[in-house]
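Below is run24.txt, holding compact mmCIF, C-alpha atoms and all ligand atoms.
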# COMPACT_ATOMS: atom_id res chain seq x y z
CA MET J 1 -2.07 39.73 -46.88
CA LYS J 2 0.92 37.45 -46.97
CA GLN J 3 4.28 38.01 -48.57
CA TYR J 4 5.65 35.36 -50.93
CA ILE J 5 8.40 34.88 -53.48
CA LEU J 6 7.30 33.47 -56.81
CA MET J 7 9.80 30.68 -57.45
CA HIS J 8 10.83 28.67 -60.50
CA GLN J 9 12.44 25.57 -59.01
CA ASP J 10 15.02 27.33 -56.80
CA THR J 11 15.24 30.51 -58.87
CA PRO J 12 13.47 33.45 -57.20
CA VAL J 13 11.35 35.21 -59.82
CA ALA J 14 9.54 38.05 -58.04
CA GLU J 15 8.10 39.25 -54.75
CA LEU J 16 4.35 39.10 -54.46
CA LYS J 17 1.60 39.65 -51.91
CA LEU J 18 -1.36 37.31 -51.78
CA ASP J 19 -4.79 38.32 -50.55
CA ARG J 20 -5.57 35.16 -48.62
CA THR J 21 -9.31 35.65 -48.44
CA ALA J 22 -9.78 36.27 -52.16
CA GLY J 23 -6.87 34.09 -53.32
CA VAL J 24 -5.55 36.79 -55.62
CA ILE J 25 -2.19 38.51 -56.04
CA SER J 26 -2.68 41.96 -54.56
CA SER J 27 0.73 43.34 -55.49
CA VAL J 28 3.88 42.37 -57.31
CA GLY J 29 7.19 43.72 -56.04
CA LYS J 30 10.79 43.39 -57.08
CA VAL J 31 11.58 41.14 -60.04
CA PHE J 32 14.66 39.01 -59.40
CA HIS J 33 14.93 37.05 -62.66
CA ALA J 34 12.87 38.44 -65.53
CA ALA J 35 13.83 35.54 -67.83
CA HIS J 36 12.07 33.14 -65.45
CA VAL J 37 8.76 35.02 -65.39
CA PRO J 38 6.10 32.60 -66.73
CA VAL J 39 6.02 32.55 -70.53
CA GLY J 40 3.66 35.12 -72.04
CA ILE J 41 3.42 37.40 -68.96
CA PRO J 42 4.58 40.87 -69.99
CA VAL J 43 7.45 42.51 -68.09
CA ARG J 44 7.72 46.24 -68.81
CA ARG J 45 10.56 48.38 -67.45
CA GLY J 46 11.39 45.65 -64.97
CA MET J 47 7.79 45.39 -63.69
CA ILE J 48 5.51 42.37 -64.12
CA ASP J 49 2.02 43.10 -65.44
CA ARG J 50 -0.03 42.31 -62.32
CA GLY J 51 -3.28 41.70 -64.20
CA ALA J 52 -1.63 39.14 -66.49
CA LEU J 53 0.13 37.46 -63.56
CA ASN J 54 -3.15 37.25 -61.66
CA GLU J 55 -4.84 35.67 -64.64
CA TRP J 56 -1.99 33.15 -64.84
CA TRP J 57 -2.27 32.48 -61.10
CA ARG J 58 -6.06 32.04 -61.23
CA GLY J 59 -5.54 29.84 -64.29
CA ARG J 60 -3.53 27.46 -62.10
CA SER J 61 -6.57 26.73 -59.96
CA ILE J 62 -9.21 24.12 -60.67
CA PRO J 63 -11.67 25.70 -63.13
CA ALA J 64 -15.11 26.56 -61.77
CA SER J 65 -16.53 24.38 -64.57
CA ARG J 66 -14.95 21.19 -63.15
CA MET J 67 -17.61 18.50 -62.77
CA GLY J 68 -18.69 18.09 -59.14
CA ILE J 69 -16.59 21.01 -57.89
CA LYS J 70 -19.37 22.56 -55.77
CA GLU J 71 -19.82 19.42 -53.70
CA ALA J 72 -16.05 18.96 -53.40
CA LEU J 73 -15.55 22.51 -52.12
CA GLN J 74 -18.32 22.00 -49.58
CA LYS J 75 -16.57 18.91 -48.25
CA MET J 76 -13.33 20.91 -47.90
CA HIS J 77 -15.17 23.87 -46.31
CA LEU J 78 -13.84 26.24 -48.96
CA SER J 79 -15.75 28.79 -51.01
CA ASP J 80 -13.50 28.96 -54.06
CA THR J 81 -10.96 26.74 -55.87
CA GLY J 82 -8.51 29.68 -55.88
CA LEU J 83 -8.08 29.24 -52.13
CA LEU J 84 -6.59 25.78 -52.67
CA LEU J 85 -3.58 27.24 -54.50
CA GLU J 86 -1.91 28.63 -51.41
CA LYS J 87 -2.46 25.33 -49.58
CA CYS J 88 -0.09 23.52 -51.96
CA LEU J 89 2.26 26.49 -52.47
CA GLY J 90 0.96 26.61 -56.04
CA LEU J 91 3.02 23.51 -56.88
CA SER J 92 1.98 21.48 -59.91
CA LEU J 93 2.91 18.29 -61.74
CA SER J 94 2.89 20.08 -65.10
CA ASP J 95 5.44 22.84 -64.42
CA GLN J 96 8.00 24.06 -61.88
CA TYR J 97 6.48 27.28 -60.50
CA TRP J 98 5.54 27.72 -56.83
CA ILE J 99 5.31 30.35 -54.13
CA ARG J 100 7.63 30.36 -51.12
CA PRO J 101 6.48 32.18 -48.01
CA ASP J 102 8.89 35.03 -47.32
CA ASP J 103 9.69 33.73 -43.84
CA PHE J 104 10.15 30.09 -44.85
CA THR J 105 13.52 28.68 -45.90
CA VAL J 106 12.58 25.64 -47.88
CA SER J 107 14.03 24.39 -51.14
CA TRP J 108 12.14 23.21 -54.21
CA ARG J 109 13.68 19.73 -53.75
CA GLN J 110 11.97 19.47 -50.37
CA VAL J 111 8.49 20.37 -51.57
CA ASN J 112 7.97 19.50 -55.25
CA PHE J 113 5.41 16.79 -56.02
CA PHE J 114 7.64 15.00 -58.54
CA GLU J 115 10.04 13.82 -55.84
CA ASN J 116 7.94 14.02 -52.69
CA ASP J 117 4.88 11.96 -51.88
CA PHE J 118 1.56 13.73 -51.66
CA SER J 119 -1.81 13.18 -50.06
CA GLU J 120 -4.61 11.87 -52.27
CA ASP J 121 -7.31 13.40 -50.03
CA VAL J 122 -8.17 16.26 -52.39
CA GLY J 123 -8.06 13.94 -55.43
CA ASN J 124 -10.42 11.50 -53.77
CA ILE J 125 -12.83 14.27 -52.84
CA LEU J 126 -12.69 15.59 -56.42
CA LEU J 127 -13.60 12.13 -57.68
CA GLY J 128 -16.63 12.23 -55.39
CA ARG J 129 -15.31 9.78 -52.82
CA GLU J 130 -16.10 10.33 -49.15
CA PRO J 131 -13.19 11.74 -47.15
CA GLY J 132 -12.14 9.60 -44.18
CA SER J 133 -12.45 10.77 -40.60
CA ALA J 134 -8.83 11.99 -40.38
CA PRO J 135 -8.26 15.68 -41.10
CA VAL J 136 -8.03 16.31 -44.84
CA SER J 137 -4.57 17.26 -46.13
CA LEU J 138 -4.78 20.02 -48.71
CA MET J 139 -1.16 19.68 -49.90
CA SER J 140 -2.01 18.19 -53.30
CA PRO J 141 -1.08 18.56 -56.97
CA ASP J 142 -4.80 18.26 -57.70
CA ASN J 143 -5.23 21.83 -56.44
CA THR J 144 -3.48 23.04 -59.61
CA SER J 145 -5.01 20.70 -62.19
CA ASP J 146 -6.86 22.07 -65.19
CA GLY J 147 -9.77 20.74 -67.22
CA TRP J 148 -13.42 19.98 -66.57
CA LEU J 149 -13.35 16.19 -66.21
CA LYS J 150 -13.12 14.66 -62.75
CA LYS J 151 -9.52 13.69 -62.17
CA LYS J 152 -6.80 13.03 -59.62
CA TRP J 153 -3.05 12.55 -59.52
CA THR J 154 -1.89 9.31 -58.00
CA ILE J 155 1.41 7.48 -57.54
CA LEU J 156 1.47 4.04 -59.20
CA ASN J 157 4.65 1.98 -58.94
CA GLY J 158 6.52 5.14 -58.04
CA LYS J 159 5.26 6.98 -61.15
CA ARG J 160 3.08 10.10 -61.06
CA CYS J 161 -0.08 9.24 -63.00
CA LEU J 162 -3.24 11.15 -63.89
CA LEU J 163 -6.54 9.30 -63.44
CA LYS J 164 -9.38 10.85 -65.46
CA GLY J 165 -13.07 10.01 -65.58
CA GLY J 166 -15.68 10.36 -68.32
CA SER J 167 -18.79 12.48 -68.73
CA GLY J 168 -22.45 12.00 -69.56
CA ALA J 169 -24.33 8.77 -70.13
CA ALA J 170 -21.70 7.30 -72.47
CA CYS J 171 -18.66 8.14 -70.28
CA GLN J 172 -16.72 7.90 -73.50
CA GLU J 173 -13.63 10.04 -72.82
CA PRO J 174 -11.52 7.30 -71.18
CA TYR J 175 -12.22 4.88 -74.07
CA ASN J 176 -11.42 7.64 -76.55
CA GLU J 177 -8.09 8.39 -74.88
CA VAL J 178 -7.12 4.75 -75.31
CA MET J 179 -8.27 4.72 -78.94
CA ALA J 180 -6.36 7.95 -79.67
CA SER J 181 -3.24 6.40 -78.10
CA TYR J 182 -3.63 3.41 -80.42
CA ILE J 183 -4.02 5.62 -83.52
CA CYS J 184 -0.97 7.67 -82.54
CA GLU J 185 0.99 4.48 -82.01
CA CYS J 186 0.05 3.24 -85.52
CA LEU J 187 0.90 6.56 -87.16
CA HIS J 188 4.08 7.17 -85.12
CA ILE J 189 2.72 10.34 -83.57
CA PRO J 190 4.49 11.20 -80.29
CA HIS J 191 1.77 10.90 -77.64
CA VAL J 192 0.93 10.28 -74.03
CA SER J 193 -0.15 6.67 -73.67
CA TYR J 194 -3.49 6.14 -71.90
CA ARG J 195 -4.83 2.86 -70.58
CA LEU J 196 -8.24 1.97 -69.25
CA VAL J 197 -9.12 1.08 -65.66
CA THR J 198 -12.52 0.44 -64.16
CA GLU J 199 -13.36 1.53 -60.64
CA ASP J 200 -16.80 1.00 -59.08
CA GLU J 201 -17.99 0.06 -62.57
CA TYR J 202 -16.97 3.43 -64.05
CA PRO J 203 -14.24 3.74 -66.69
CA TYR J 204 -11.17 5.92 -66.09
CA SER J 205 -8.10 6.58 -68.19
CA VAL J 206 -4.67 6.51 -66.64
CA CYS J 207 -1.57 8.14 -68.10
CA GLU J 208 1.87 8.90 -66.78
CA ASP J 209 3.09 12.42 -66.14
CA PHE J 210 5.00 13.49 -69.26
CA ILE J 211 6.72 16.26 -67.30
CA THR J 212 9.82 15.53 -65.23
CA PRO J 213 11.51 17.53 -62.44
CA ASP J 214 13.61 19.15 -65.20
CA THR J 215 10.93 20.10 -67.73
CA GLU J 216 7.61 21.90 -67.95
CA LEU J 217 4.59 22.27 -70.19
CA VAL J 218 3.98 25.67 -71.76
CA THR J 219 0.54 25.58 -73.32
CA ALA J 220 -0.18 26.98 -76.78
CA TRP J 221 -2.23 29.73 -75.14
CA TYR J 222 0.84 31.14 -73.38
CA VAL J 223 3.09 30.49 -76.37
CA MET J 224 0.72 32.74 -78.34
CA GLN J 225 0.80 35.44 -75.66
CA THR J 226 4.50 36.02 -76.36
CA ALA J 227 3.66 38.27 -79.32
CA LYS J 228 0.64 40.23 -80.48
CA LYS J 229 -1.11 38.50 -83.37
CA PRO J 230 -1.21 40.79 -86.40
CA ASN J 231 -4.74 40.96 -87.84
CA HIS J 232 -3.74 39.59 -91.24
CA ILE J 233 -2.10 36.49 -89.70
CA SER J 234 -4.15 33.34 -88.96
CA VAL J 235 -4.14 31.69 -85.53
CA TRP J 236 -2.27 28.71 -87.01
CA ARG J 237 0.42 30.91 -88.56
CA HIS J 238 0.72 32.90 -85.34
CA TYR J 239 1.34 29.73 -83.34
CA LEU J 240 4.03 28.55 -85.75
CA ASP J 241 5.62 32.01 -85.81
CA CYS J 242 5.68 32.29 -81.99
CA CYS J 243 7.25 28.82 -81.70
CA GLU J 244 9.86 29.76 -84.25
CA ARG J 245 10.73 32.98 -82.42
CA LEU J 246 11.05 31.06 -79.15
CA GLY J 247 13.25 28.47 -80.83
CA VAL J 248 10.98 25.44 -80.38
CA PRO J 249 12.16 22.71 -82.75
CA GLY J 250 9.87 20.38 -84.72
CA ILE J 251 6.61 22.31 -84.41
CA ARG J 252 5.32 22.18 -87.99
CA GLU J 253 5.58 18.38 -88.12
CA ALA J 254 3.93 18.04 -84.70
CA VAL J 255 1.05 20.35 -85.65
CA ASP J 256 0.54 18.41 -88.91
CA GLN J 257 0.33 15.19 -86.91
CA MET J 258 -2.04 16.62 -84.31
CA LEU J 259 -4.35 17.96 -87.03
CA VAL J 260 -4.44 14.58 -88.76
CA LEU J 261 -5.27 12.81 -85.50
CA ASP J 262 -7.96 15.37 -84.63
CA TYR J 263 -9.53 15.00 -88.07
CA LEU J 264 -9.61 11.21 -87.74
CA ILE J 265 -11.20 11.19 -84.29
CA ALA J 266 -13.30 14.32 -84.85
CA ASN J 267 -11.85 15.99 -81.78
CA GLU J 268 -14.14 18.78 -80.61
CA ASP J 269 -12.05 20.32 -77.85
CA ARG J 270 -8.42 20.78 -78.88
CA HIS J 271 -8.36 24.22 -77.28
CA GLN J 272 -5.15 26.12 -76.63
CA ASN J 273 -4.52 24.46 -73.28
CA ASN J 274 -4.80 20.99 -74.75
CA PHE J 275 -1.51 21.20 -76.62
CA GLY J 276 1.75 23.04 -76.27
CA VAL J 277 5.49 22.81 -75.96
CA ILE J 278 8.02 21.60 -73.44
CA ARG J 279 10.97 23.53 -72.12
CA ARG J 280 13.69 22.88 -69.57
CA ALA J 281 12.92 24.82 -66.42
CA TYR J 282 16.52 25.44 -65.41
CA THR J 283 18.08 26.37 -68.78
CA LEU J 284 14.82 27.73 -70.30
CA GLU J 285 15.72 25.87 -73.49
CA TYR J 286 12.80 24.57 -75.56
CA VAL J 287 12.86 20.82 -76.05
CA GLY J 288 10.05 20.57 -78.60
CA PRO J 289 6.30 20.01 -78.86
CA ALA J 290 4.49 18.32 -76.00
CA PRO J 291 3.33 14.80 -76.87
CA VAL J 292 -0.36 14.66 -77.84
CA TYR J 293 -2.54 14.53 -74.69
CA ASP J 294 -6.22 15.00 -73.85
CA SER J 295 -7.91 13.62 -76.96
CA GLY J 296 -11.00 12.33 -75.12
CA THR J 297 -13.55 14.89 -76.29
CA SER J 298 -13.79 13.18 -79.65
CA LEU J 299 -15.55 10.31 -81.49
CA TRP J 300 -19.02 11.81 -80.97
CA PHE J 301 -18.52 11.52 -77.19
CA ASP J 302 -21.60 13.61 -76.35
CA LYS J 303 -23.83 12.70 -79.30
CA PRO J 304 -26.72 10.24 -79.26
CA VAL J 305 -26.23 7.20 -81.53
CA GLY J 306 -28.56 8.67 -84.19
CA LEU J 307 -26.25 11.64 -84.64
CA ILE J 308 -23.09 9.59 -85.15
CA ARG J 309 -23.03 10.02 -88.91
CA PRO J 310 -21.41 12.11 -91.62
CA GLY J 311 -22.69 15.64 -92.07
CA VAL J 312 -23.57 16.21 -88.41
CA LYS J 313 -22.37 19.61 -87.22
CA MET J 314 -19.33 19.39 -84.99
CA THR J 315 -17.21 21.86 -83.09
CA CYS J 316 -13.62 22.27 -84.24
CA LYS J 317 -10.63 23.91 -82.51
CA PRO J 318 -8.01 25.39 -82.21
CA PHE J 319 -7.29 26.90 -85.63
CA LYS J 320 -10.41 26.64 -87.82
CA ASN J 321 -14.06 26.19 -86.98
CA THR J 322 -14.67 23.17 -89.21
CA HIS J 323 -12.66 19.97 -89.46
CA GLU J 324 -12.73 20.19 -93.25
CA GLU J 325 -11.04 23.60 -93.18
CA GLN J 326 -8.64 22.70 -90.40
CA VAL J 327 -7.26 19.59 -92.07
CA LYS J 328 -6.33 21.78 -95.06
CA LEU J 329 -3.63 23.32 -92.84
CA VAL J 330 -1.66 20.07 -92.92
CA THR J 331 1.48 20.93 -94.87
CA ASP J 332 2.73 17.42 -95.53
CA PHE J 333 1.06 14.00 -95.69
CA ASP J 334 4.13 12.05 -96.83
CA TRP J 335 4.63 10.56 -93.37
CA LEU J 336 1.05 9.30 -93.20
CA ASP J 337 0.50 5.59 -93.78
CA ILE J 338 -3.27 5.18 -93.52
CA SER J 339 -3.00 1.43 -94.10
CA ALA J 340 -1.47 1.20 -90.62
CA LEU J 341 -5.02 1.76 -89.33
CA SER J 342 -6.49 -1.34 -90.98
CA GLU J 343 -7.19 -2.97 -87.61
CA ALA J 344 -8.39 0.17 -85.85
CA GLU J 345 -12.08 -0.78 -85.85
CA GLU J 346 -11.32 -4.13 -84.25
CA ILE J 347 -9.26 -2.36 -81.62
CA LEU J 348 -12.10 0.07 -80.91
CA ARG J 349 -14.52 -2.84 -80.46
CA ASP J 350 -12.04 -4.42 -78.10
CA ILE J 351 -11.59 -1.24 -76.05
CA VAL J 352 -15.33 -0.88 -75.35
CA LYS J 353 -16.01 -4.62 -74.99
CA GLY J 354 -18.09 -5.30 -71.89
CA SER J 355 -18.61 -1.58 -71.25
CA LEU J 356 -21.76 -0.66 -69.34
CA PHE J 357 -21.70 2.70 -71.10
CA VAL J 358 -20.89 2.09 -74.76
CA ASP J 359 -23.28 -0.63 -75.92
CA GLU J 360 -23.10 -2.58 -79.16
CA ALA J 361 -25.26 -0.18 -81.17
CA ARG J 362 -23.09 2.77 -80.13
CA CYS J 363 -19.92 0.82 -80.79
CA GLU J 364 -21.08 -0.06 -84.32
CA ALA J 365 -22.03 3.55 -85.01
CA LEU J 366 -18.60 4.69 -83.78
CA CYS J 367 -16.87 2.16 -86.02
CA ARG J 368 -18.90 3.31 -89.04
CA GLY J 369 -18.27 6.96 -88.25
CA PHE J 370 -14.56 6.36 -87.79
CA ARG J 371 -14.30 4.32 -91.02
CA TYR J 372 -15.87 7.19 -92.95
CA ARG J 373 -13.33 9.64 -91.54
CA VAL J 374 -10.43 7.34 -92.46
CA GLU J 375 -11.76 7.13 -96.03
CA GLN J 376 -12.18 10.91 -96.22
CA LEU J 377 -8.69 11.52 -94.91
CA GLU J 378 -7.27 9.10 -97.42
CA LYS J 379 -8.88 11.11 -100.23
CA ILE J 380 -7.67 14.40 -98.77
CA ALA J 381 -4.12 13.09 -98.40
CA LEU J 382 -4.14 11.69 -101.95
CA SER J 383 -5.32 14.92 -103.53
CA ALA J 384 -2.75 16.87 -101.52
CA LYS J 385 -0.02 14.63 -102.88
CA LYS J 386 -0.93 15.34 -106.51
CA PRO J 387 1.48 17.89 -108.01
CA VAL J 388 -0.18 21.25 -108.32
CA PHE J 389 -1.38 21.81 -111.89
CA LEU J 390 0.34 24.83 -113.35
CA ASP J 391 -1.57 26.66 -116.04
CA ASP J 392 1.43 28.01 -117.94
CA ARG J 393 0.55 30.64 -120.59
CA LYS J 394 3.82 29.82 -122.37
CA PHE J 395 2.11 26.83 -123.98
CA ASP J 396 -1.06 28.63 -125.02
CA VAL J 397 -2.25 28.19 -128.62
CA LYS J 398 -1.27 31.45 -130.20
CA LYS J 399 -3.98 31.72 -132.80
CA ASP J 400 -7.34 30.00 -132.65
CA GLN J 401 -7.48 27.72 -135.65
CA ALA J 402 -11.25 27.98 -135.87
CA TYR J 403 -10.87 31.53 -137.04
CA SER J 404 -7.79 31.18 -139.19
CA GLY J 405 -8.42 31.69 -142.83
CA LYS J 406 -12.04 32.73 -142.25
CA ALA J 407 -13.04 36.14 -143.08
N1 LIG S 1 0.20 13.26 -68.55
C1 LIG S 1 0.28 14.51 -68.13
N2 LIG S 1 1.44 15.01 -67.62
C2 LIG S 1 1.52 16.30 -67.20
N3 LIG S 1 0.50 17.16 -67.23
C3 LIG S 1 -0.68 16.72 -67.71
C4 LIG S 1 -0.84 15.39 -68.20
N4 LIG S 1 -2.11 15.24 -68.65
C5 LIG S 1 -2.70 16.43 -68.43
N5 LIG S 1 -1.86 17.32 -67.88
C6 LIG S 1 -2.16 18.69 -67.47
O1 LIG S 1 -3.40 18.67 -66.80
C7 LIG S 1 -4.38 19.45 -67.49
C8 LIG S 1 -5.72 18.74 -67.45
O2 LIG S 1 -5.63 17.48 -68.10
P1 LIG S 1 -6.53 17.15 -69.35
O3 LIG S 1 -6.12 15.80 -69.80
O4 LIG S 1 -6.41 18.25 -70.35
O5 LIG S 1 -7.98 17.12 -68.69
P2 LIG S 1 -9.42 17.50 -69.26
O6 LIG S 1 -9.77 16.38 -70.19
O7 LIG S 1 -10.31 17.59 -68.09
O8 LIG S 1 -9.24 18.81 -69.99
C9 LIG S 1 -3.80 19.61 -68.90
O9 LIG S 1 -4.28 20.79 -69.50
C10 LIG S 1 -2.31 19.64 -68.63
O10 LIG S 1 -1.93 20.93 -68.20
MG MG S 2 -7.79 19.44 -71.22
What is this file in structure tokens?
Amino acid sequence: MKQYILMHQDTPVAELKLDRTAGVISSVGKVFHAAHVPVGIPVRRGMIDRGALNEWWRGRSIPASRMGIKEALQKMHLSDTGLLLEKCLGLSLSDQYWIRPDDFTVSWRQVNFFENDFSEDVGNILLGREPGSAPVSLMSPDNTSDGWLKKKWTILNGKRCLLKGGSGAACQEPYNEVMASYICECLHIPHVSYRLVTEDEYPYSVCEDFITPDTELVTAWYVMQTAKKPNHISVWRHYLDCCERLGVPGIREAVDQMLVLDYLIANEDRHQNNFGVIRRAYTLEYVGPAPVYDSGTSLWFDKPVGLIRPGVKMTCKPFKNTHEEQVKLVTDFDWLDISALSEAEEILRDIVKGSLFVDEARCEALCRGFRYRVEQLEKIALSAKKPVFLDDRKFDVKKDQAYSGKA
């Protein structure tokens, strides 16, 4: 058992004890600054809910579903990804929480990964690369990265960047991220910009960290934990309501934009950790919605070419279980200029040109599938713009002429 202080930058949040063999929080002690407790973790009568904090802590570790995680853990001689958290003091490149050993006087400035270099050993192992002969350094922001795709943080030209791979035979996610960036660019949707790189013949997407030493990402999941959802309220409404209560500006517009993008690219995995809001870690003030990120699980990424066609069943998240129902939540299409996408197919062809994974037949099917979705969206947006027809009884014919004068 080791004693730590849960920290938020240099603000002490609470005392906690960590069971170092299981990687779990075994007890939570005194709370120093309740306002800095991670968003969505209940504090009752000055006490943090230990179960919820443990879930949050475990949620910081690499998910057990991460591709290739078993082999990576073997190489690091560890039995569980939770054990990596303590090795990097729980530090992340997506928020400003960490744990400071009780007997260790170190400041956040000295340890955070935004301003201090970090080893890429863990990242390389996670990507399946062989570790060198030197001892492996486990002080890495990769220990706290979410998601199931193989990925690593790296420093390129002094900027923190996330390198992400693809999955399956088509390895389509990196191409999709680039395509989604292009669509967002055309439609003026605030987004993380992804570009393509090829390493050892495999495609990867690279994007810059959209979090700075001053800010942090609060995912929609935790935003929605800030209040109990009443049964008669939809998930979409609940998200908007929670954001409003927290004082996050610009959410309705951002959700409209995200839903339009996800309809266009047929995104199948916009779960509640794949979008969220940004707040300032020091002042706790909400800046606004996070830019759109992680749009790779889209464009029929895991479907064979024959199933890239209209009418094929697709998963939809986070608000409704079909894309047709979900796009109905868009409250305003006035900002949408579909004609800005007139060159999108050409761009898609360009993105996958020369790919060993997306061949010509697949590329053509993707273009056809995408074109159909653009056409559908255009119809949906047009019909939404029509003024609602009001059936006003004031103008009703008072007496049916057919019967007047007849006996
Ligand atoms: N550019 C970024 N800046 C900061 N944090 C990021 C960035 N991209 C992703 N993240 C964080 O890393 C997590 C995993 O990345 P994501 O792109 O969602 O991977 P996956 O496709 O495997 O789900 C995200 O849920 C988010 O918390
Ligand atoms: Mg994700």
Quiz item: Out of J:Phe301, J:Phe275, J:Phe333, J:Phe319, which residue has the shortest atom-to-atom distance to ligand MG 2 (chain S) when counting all atoms listed in the file?
Solution: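 Among the listed residues, J:Phe275 lies closest to ligand MG 2 (chain S).
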Exercise. In the coordinate frame of the file, compute which residues have an atom within 8 Å of (-11.3, 23.1, -62.4) when using all atoms listed in the file, and state them as a list in words.
Key: Ser61, Ile62, Pro63, Ala64, Ser65, Arg66, Met67, Ile69, Thr81, Ser145, Asp146, Gly147 and Trp148 of chain J
Practice problem: Could you tell me which of J:Ala35, J:Ala365, J:Ile189, J:Met258 comes closest to Leu299 in chain J if we count only C-alpha atoms? | Solution: J:Ala365
Practice problem: Grab the CA of Asn54 in chain J to CA of Leu163 in chain J distance for me, in Å with one decimal place. | Solution: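 For CA of Asn54 in chain J relative to CA of Leu163 in chain J, the distance reads 28.2 Å.
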Quiz item: ligand MG 2 (chain S): which residues are within 10 Å, counting only C-alpha atoms and all ligand atoms, as a count of residues only?
Solution: 17
Practice problem: Identify which of the residues J:Arg160, J:Arg50, J:Lys379, J:Lys17 lies closest to ligand LIG 1 (chain S), counting only C-alpha atoms and all ligand atoms when measuring atom-to-atom distances. | Solution: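 Selected residue with least distance to ligand LIG 1 (chain S): J:Arg160.
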Practice problem: Find the residue from J:Pro135, J:Pro203, J:Pro249, J:Pro141 that sits nearest to Lys164 in chain J; use all atoms listed in the file when measuring. | Solution: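 Checking each candidate against Lys164 in chain J, we get J:Pro203 as the closest.
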Exercise. Fewer than 2 positions away in the same chain doesn't count, so skip those; otherwise give me all residues within 12 Å of Arg109 in chain J, counting all atoms listed in the file, as an MDAnalysis selection string.
Key: chainID J and resid 8:10 91 96 98 105:107 111:117 213:214
Quiz prompt | 7 Å contact set for Met7 in chain J, all atoms listed in the file, chain neighbours under 6 positions out, as a ChimeraX atom specification | solution = /J:13,97-100
Quiz prompt | CA of Leu284 in chain J to CA of Lys152 in chain J, distance in Å rounded to a single decimal | solution =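 Spanning CA of Leu284 in chain J to CA of Lys152 in chain J is a straight-line distance of 28.2 Å.
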Self-check item: Option closest in space to ligand LIG 1 (chain S), from J:Leu126, J:Val330, J:Ile265, J:Val192 [counting all atoms listed in the file]
Solution: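 Once distances to ligand LIG 1 (chain S) are computed over all atoms listed in the file, the minimum belongs to J:Val192.
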Self-check item: Selected residue, from J:Asp49, J:Asp95, J:Asp103, J:Glu208, that lies nearest to ligand LIG 1 (chain S) when counting all atoms listed in the file
Solution: J:Glu208
Exercise. Measure the distance from CA of Cys367 in chain J to CA of Glu325 in chain J in Å and round it to one decimal.
Key: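 If I compute the distance from CA of Cys367 in chain J to CA of Glu325 in chain J, I get 23.3 Å.
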Pull the neighbourhood of (-1.0, 5.6, -84.7) for me: all residues within 10 Å in file coordinates, counting all atoms listed in the file, as a PDB file with C-alpha atoms, keeping the file's coordinate frame.
ATOM      1  CA  MET J 179      -8.270   4.720 -78.940  1.00  0.00           C
ATOM      2  CA  ALA J 180      -6.360   7.950 -79.670  1.00  0.00           C
ATOM      3  CA  SER J 181      -3.240   6.400 -78.100  1.00  0.00           C
ATOM      4  CA  TYR J 182      -3.630   3.410 -80.420  1.00  0.00           C
ATOM      5  CA  ILE J 183      -4.020   5.620 -83.520  1.00  0.00           C
ATOM      6  CA  CYS J 184      -0.970   7.670 -82.540  1.00  0.00           C
ATOM      7  CA  GLU J 185       0.990   4.480 -82.010  1.00  0.00           C
ATOM      8  CA  CYS J 186       0.050   3.240 -85.520  1.00  0.00           C
ATOM      9  CA  LEU J 187       0.900   6.560 -87.160  1.00  0.00           C
ATOM     10  CA  HIS J 188       4.080   7.170 -85.120  1.00  0.00           C
ATOM     11  CA  ILE J 189       2.720  10.340 -83.570  1.00  0.00           C
ATOM     12  CA  PRO J 190       4.490  11.200 -80.290  1.00  0.00           C
ATOM     13  CA  HIS J 191       1.770  10.900 -77.640  1.00  0.00           C
ATOM     14  CA  GLN J 257       0.330  15.190 -86.910  1.00  0.00           C
ATOM     15  CA  LEU J 261      -5.270  12.810 -85.500  1.00  0.00           C
ATOM     16  CA  LEU J 336       1.050   9.300 -93.200  1.00  0.00           C
ATOM     17  CA  ASP J 337       0.500   5.590 -93.780  1.00  0.00           C
ATOM     18  CA  ILE J 338      -3.270   5.180 -93.520  1.00  0.00           C
ATOM     19  CA  ALA J 340      -1.470   1.200 -90.620  1.00  0.00           C
ATOM     20  CA  LEU J 341      -5.020   1.760 -89.330  1.00  0.00           C
ATOM     21  CA  ALA J 344      -8.390   0.170 -85.850  1.00  0.00           C
TER      22      ALA J 344
END
Self-check item: Spatial neighbours of Lys353 in chain J, max dist 12 Å, only C-alpha atoms, sep filter under 6 positions, as a list in words
Solution: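 Neighbouring residues, sequence-local ones excluded: Tyr175, Leu196, Pro203, Glu346, Ile347, Asp359, Glu360, Ala361, Arg362, Cys363 and Glu364 of chain J.
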As AutoDock Vina command-line options, please report the centre and edge lengths, rounded to one decimal in Å, of the axis-aligned box that holds all listed atoms of range 308-313 of chain J with 4 Å of padding on each of the six sides.
--center_x -22.5 --center_y 14.6 --center_z -88.6 --size_x 10.2 --size_y 18.0 --size_z 14.9
Quiz item: Counting all atoms listed in the file, what is within 10 Å of Ala290 in chain J, bar same-chain residues fewer than 2 positions away, as a PyMOL selection string?
Solution: chain J and resi 190-192+210-211+216-220+251+254+274-279+287-288+292-293
Self-check item: Contacts of range 129-134 of chain J at 12 Å (only C-alpha atoms; same-chain gap of 4+ positions) as a PyMOL selection string
Solution: chain J and resi 68+71-72+74-76+119-125+138+150-152+199-200
